[in-house]
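Trainee: The structure's right below; bear with me while I get my questions together.
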Amino acid sequence: MTKEEVIGELKKGTCLSLLFDFEDDSHKADKFTVGDRVIYLPNMEVRGIEVMDRLMKYEIDDIVMDSLYTGDDIIAICGGNEALARYIYDNLDGQNPEEALESMVFKHDDNAVLAICGKTWAELFPEDTFVEVTMEQTRRVAMTFRATPGQMEQLKNGINPFAQRMDEELDHGDKEYQFAVNTVDGEEIAAWSPMGWS
């Protein structure tokens, strides 16, 4: 069935389970096929959709429509490369294809993608820049103590005699996040930038 045919049936009141075979609340056709036929629906339960129920209009328009994947859709997600699309499809297990591709990109293994489809990530997505974003979290708590002369000496030498007490409060302290961005080749895009306290 095409997307339009599926949506038409749903709007008539047909439930998804009568249109597709579901396993673990997702549908995956027996094999990947190029074209406009729906071959994949990710896990619908995590999207709040009961496959055995009639669906409301907003569920059809807002959730289901974005969860119907054709072979052509998956090829487009994979930068137009059918071999990569087939690989992604074969490894789908309830997640959407975009998530599966992002998981693969996260590893940024050019050798793996070369073996699958004969192209590097940069060749597949020439308009995109692959960046590595590093985020750091710092917790802060400020407390007032009465410091003895001995404790003052420790503080001056870089030892915090109040660390244990402060550590107990740290879980309730403010958090600061910072991030930095580099290309995967090491070129700096953004130096460490504070995101502020929360």
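Labeling convention for the structure tokens: chains A, B, ... as they appear, residues from 1 per chain, ligands from 1 in order of appearance.
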Mind checking DSSP for chain A and telling me the strand (DSSP E) residues as a PyMOL selection string?
Mentor: chain A and resi 27-28+38-41+69-70+131-140+174-183+188-197
Trainee: Tell me, as an NGL selection string, which residues lie within 8 Å of segment 15-31 of chain A, counting only C-alpha atoms; anything in the same chain fewer than 2 positions away does not count.
Mentor: :A and (6 or 10 or 13 or 33 or 39-45 or 51-55 or 94)
Trainee: Keeping only C-alpha atoms, write the selected residues to a file as a JSON list (two decimals), in the first residue's frame.
Mentor:
```
[["chain", "number", "residue", "atom", "x", "y", "z"],
["A", 6, "VAL", "CA", -2.88, 3.70, 4.21],
["A", 10, "LEU", "CA", -7.18, 4.78, 8.58],
["A", 13, "GLY", "CA", -11.72, 3.64, 10.64],
["A", 33, "THR", "CA", 11.83, -2.79, -1.98],
["A", 39, "ILE", "CA", 7.54, -1.20, 3.95],
["A", 40, "TYR", "CA", 8.25, -0.04, 7.50],
["A", 41, "LEU", "CA", 6.53, 1.42, 10.56],
["A", 42, "PRO", "CA", 8.68, 1.91, 13.67],
["A", 43, "ASN", "CA", 7.49, 0.94, 17.14],
["A", 44, "MET", "CA", 4.07, 2.56, 17.37],
["A", 45, "GLU", "CA", 3.56, 1.95, 21.10],
["A", 51, "VAL", "CA", -2.21, -0.61, 16.45],
["A", 52, "MET", "CA", -5.44, -2.49, 17.24],
["A", 53, "ASP", "CA", -7.53, 0.66, 17.85],
["A", 54, "ARG", "CA", -9.29, 3.05, 15.53],
["A", 55, "LEU", "CA", -7.24, 6.22, 15.42],
["A", 94, "GLY", "CA", 11.67, -0.73, 16.04]]
```
Trainee: Within 6 Å of Val181 of chain A, counting only C-alpha atoms, which residues show up once you throw out same-chain ones fewer than 6 positions away? Write them as a list of chain:residue names, please.
Mentor: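 These residues fall inside the cut-off: A:Glu132, A:Val133, A:Ile189, A:Ala190.
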Trainee: For each of A:Lys3, A:Lys11, A:Arg37, A:Lys175, take the minimum atom-to-atom distance to Val141 of chain A, counting only C-alpha atoms, then give the residue where this is smallest.
Mentor: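 The closest residue to Val141 of chain A is A:Lys175.
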Trainee: Return as a PyMOL selection string the full set of residues in chain A whose backbone-based DSSP assignment is helix (DSSP H, G or I).
Mentor: chain A and resi 3-11+16-19+45-47+57-67+71-77+82-90+97-107+110-117+121-124+149-156+163-170
Trainee: From the list A:Ala115, A:Ile49, A:Met135, A:Ile77, which residue is nearest Leu101 of chain A when using only C-alpha atoms?
Mentor: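 Checking each of A:Ala115, A:Ile49, A:Met135, A:Ile77 against Leu101 of chain A, counting only C-alpha atoms, the winner is A:Ile77.
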Trainee: With only C-alpha atoms as the counted atoms, please give the residues lying no more than 8 Å from Ser193 of chain A, apart from itself and same-chain residues fewer than 3 positions off, as a PDB file with all heavy atoms, in the first residue's frame.
Mentor:
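Final output, saved to part-v7.pdb:
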```
ATOM      1  N   GLN A 178      29.045  23.263  29.474  1.00  0.00           N
ATOM      2  CA  GLN A 178      29.868  23.896  28.464  1.00  0.00           C
ATOM      3  C   GLN A 178      29.949  22.940  27.286  1.00  0.00           C
ATOM      4  O   GLN A 178      29.807  21.736  27.453  1.00  0.00           O
ATOM      5  CB  GLN A 178      31.288  24.127  28.982  1.00  0.00           C
ATOM      6  CG  GLN A 178      31.388  25.035  30.181  1.00  0.00           C
ATOM      7  CD  GLN A 178      32.844  25.266  30.509  1.00  0.00           C
ATOM      8  OE1 GLN A 178      33.518  26.020  29.836  1.00  0.00           O
ATOM      9  NE2 GLN A 178      33.325  24.577  31.537  1.00  0.00           N
ATOM     10  N   PHE A 179      30.174  23.498  26.104  1.00  0.00           N
ATOM     11  CA  PHE A 179      30.351  22.615  24.959  1.00  0.00           C
ATOM     12  C   PHE A 179      31.409  23.189  24.030  1.00  0.00           C
ATOM     13  O   PHE A 179      31.694  24.384  24.041  1.00  0.00           O
ATOM     14  CB  PHE A 179      29.030  22.396  24.205  1.00  0.00           C
ATOM     15  CG  PHE A 179      28.564  23.590  23.424  1.00  0.00           C
ATOM     16  CD1 PHE A 179      28.812  23.681  22.056  1.00  0.00           C
ATOM     17  CD2 PHE A 179      27.886  24.625  24.048  1.00  0.00           C
ATOM     18  CE1 PHE A 179      28.388  24.785  21.343  1.00  0.00           C
ATOM     19  CE2 PHE A 179      27.454  25.726  23.343  1.00  0.00           C
ATOM     20  CZ  PHE A 179      27.710  25.805  21.974  1.00  0.00           C
ATOM     21  N   ALA A 180      31.981  22.301  23.244  1.00  0.00           N
ATOM     22  CA  ALA A 180      32.949  22.673  22.218  1.00  0.00           C
ATOM     23  C   ALA A 180      32.638  21.847  20.983  1.00  0.00           C
ATOM     24  O   ALA A 180      32.106  20.740  21.078  1.00  0.00           O
ATOM     25  CB  ALA A 180      34.374  22.411  22.693  1.00  0.00           C
ATOM     26  N   ALA A 190      33.928  25.753  17.365  1.00  0.00           N
ATOM     27  CA  ALA A 190      33.591  26.602  18.515  1.00  0.00           C
ATOM     28  C   ALA A 190      34.406  26.138  19.707  1.00  0.00           C
ATOM     29  O   ALA A 190      34.420  24.963  20.034  1.00  0.00           O
ATOM     30  CB  ALA A 190      32.100  26.522  18.824  1.00  0.00           C
TER      31      ALA A 190
END
```
Trainee: Identify which of the residues A:Ala142, A:Val64, A:Ala122, A:Cys78 lies closest to Asp167 of chain A, counting only C-alpha atoms when measuring atom-to-atom distances.
Mentor: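 Result for the nearest residue to Asp167 of chain A: A:Ala142.
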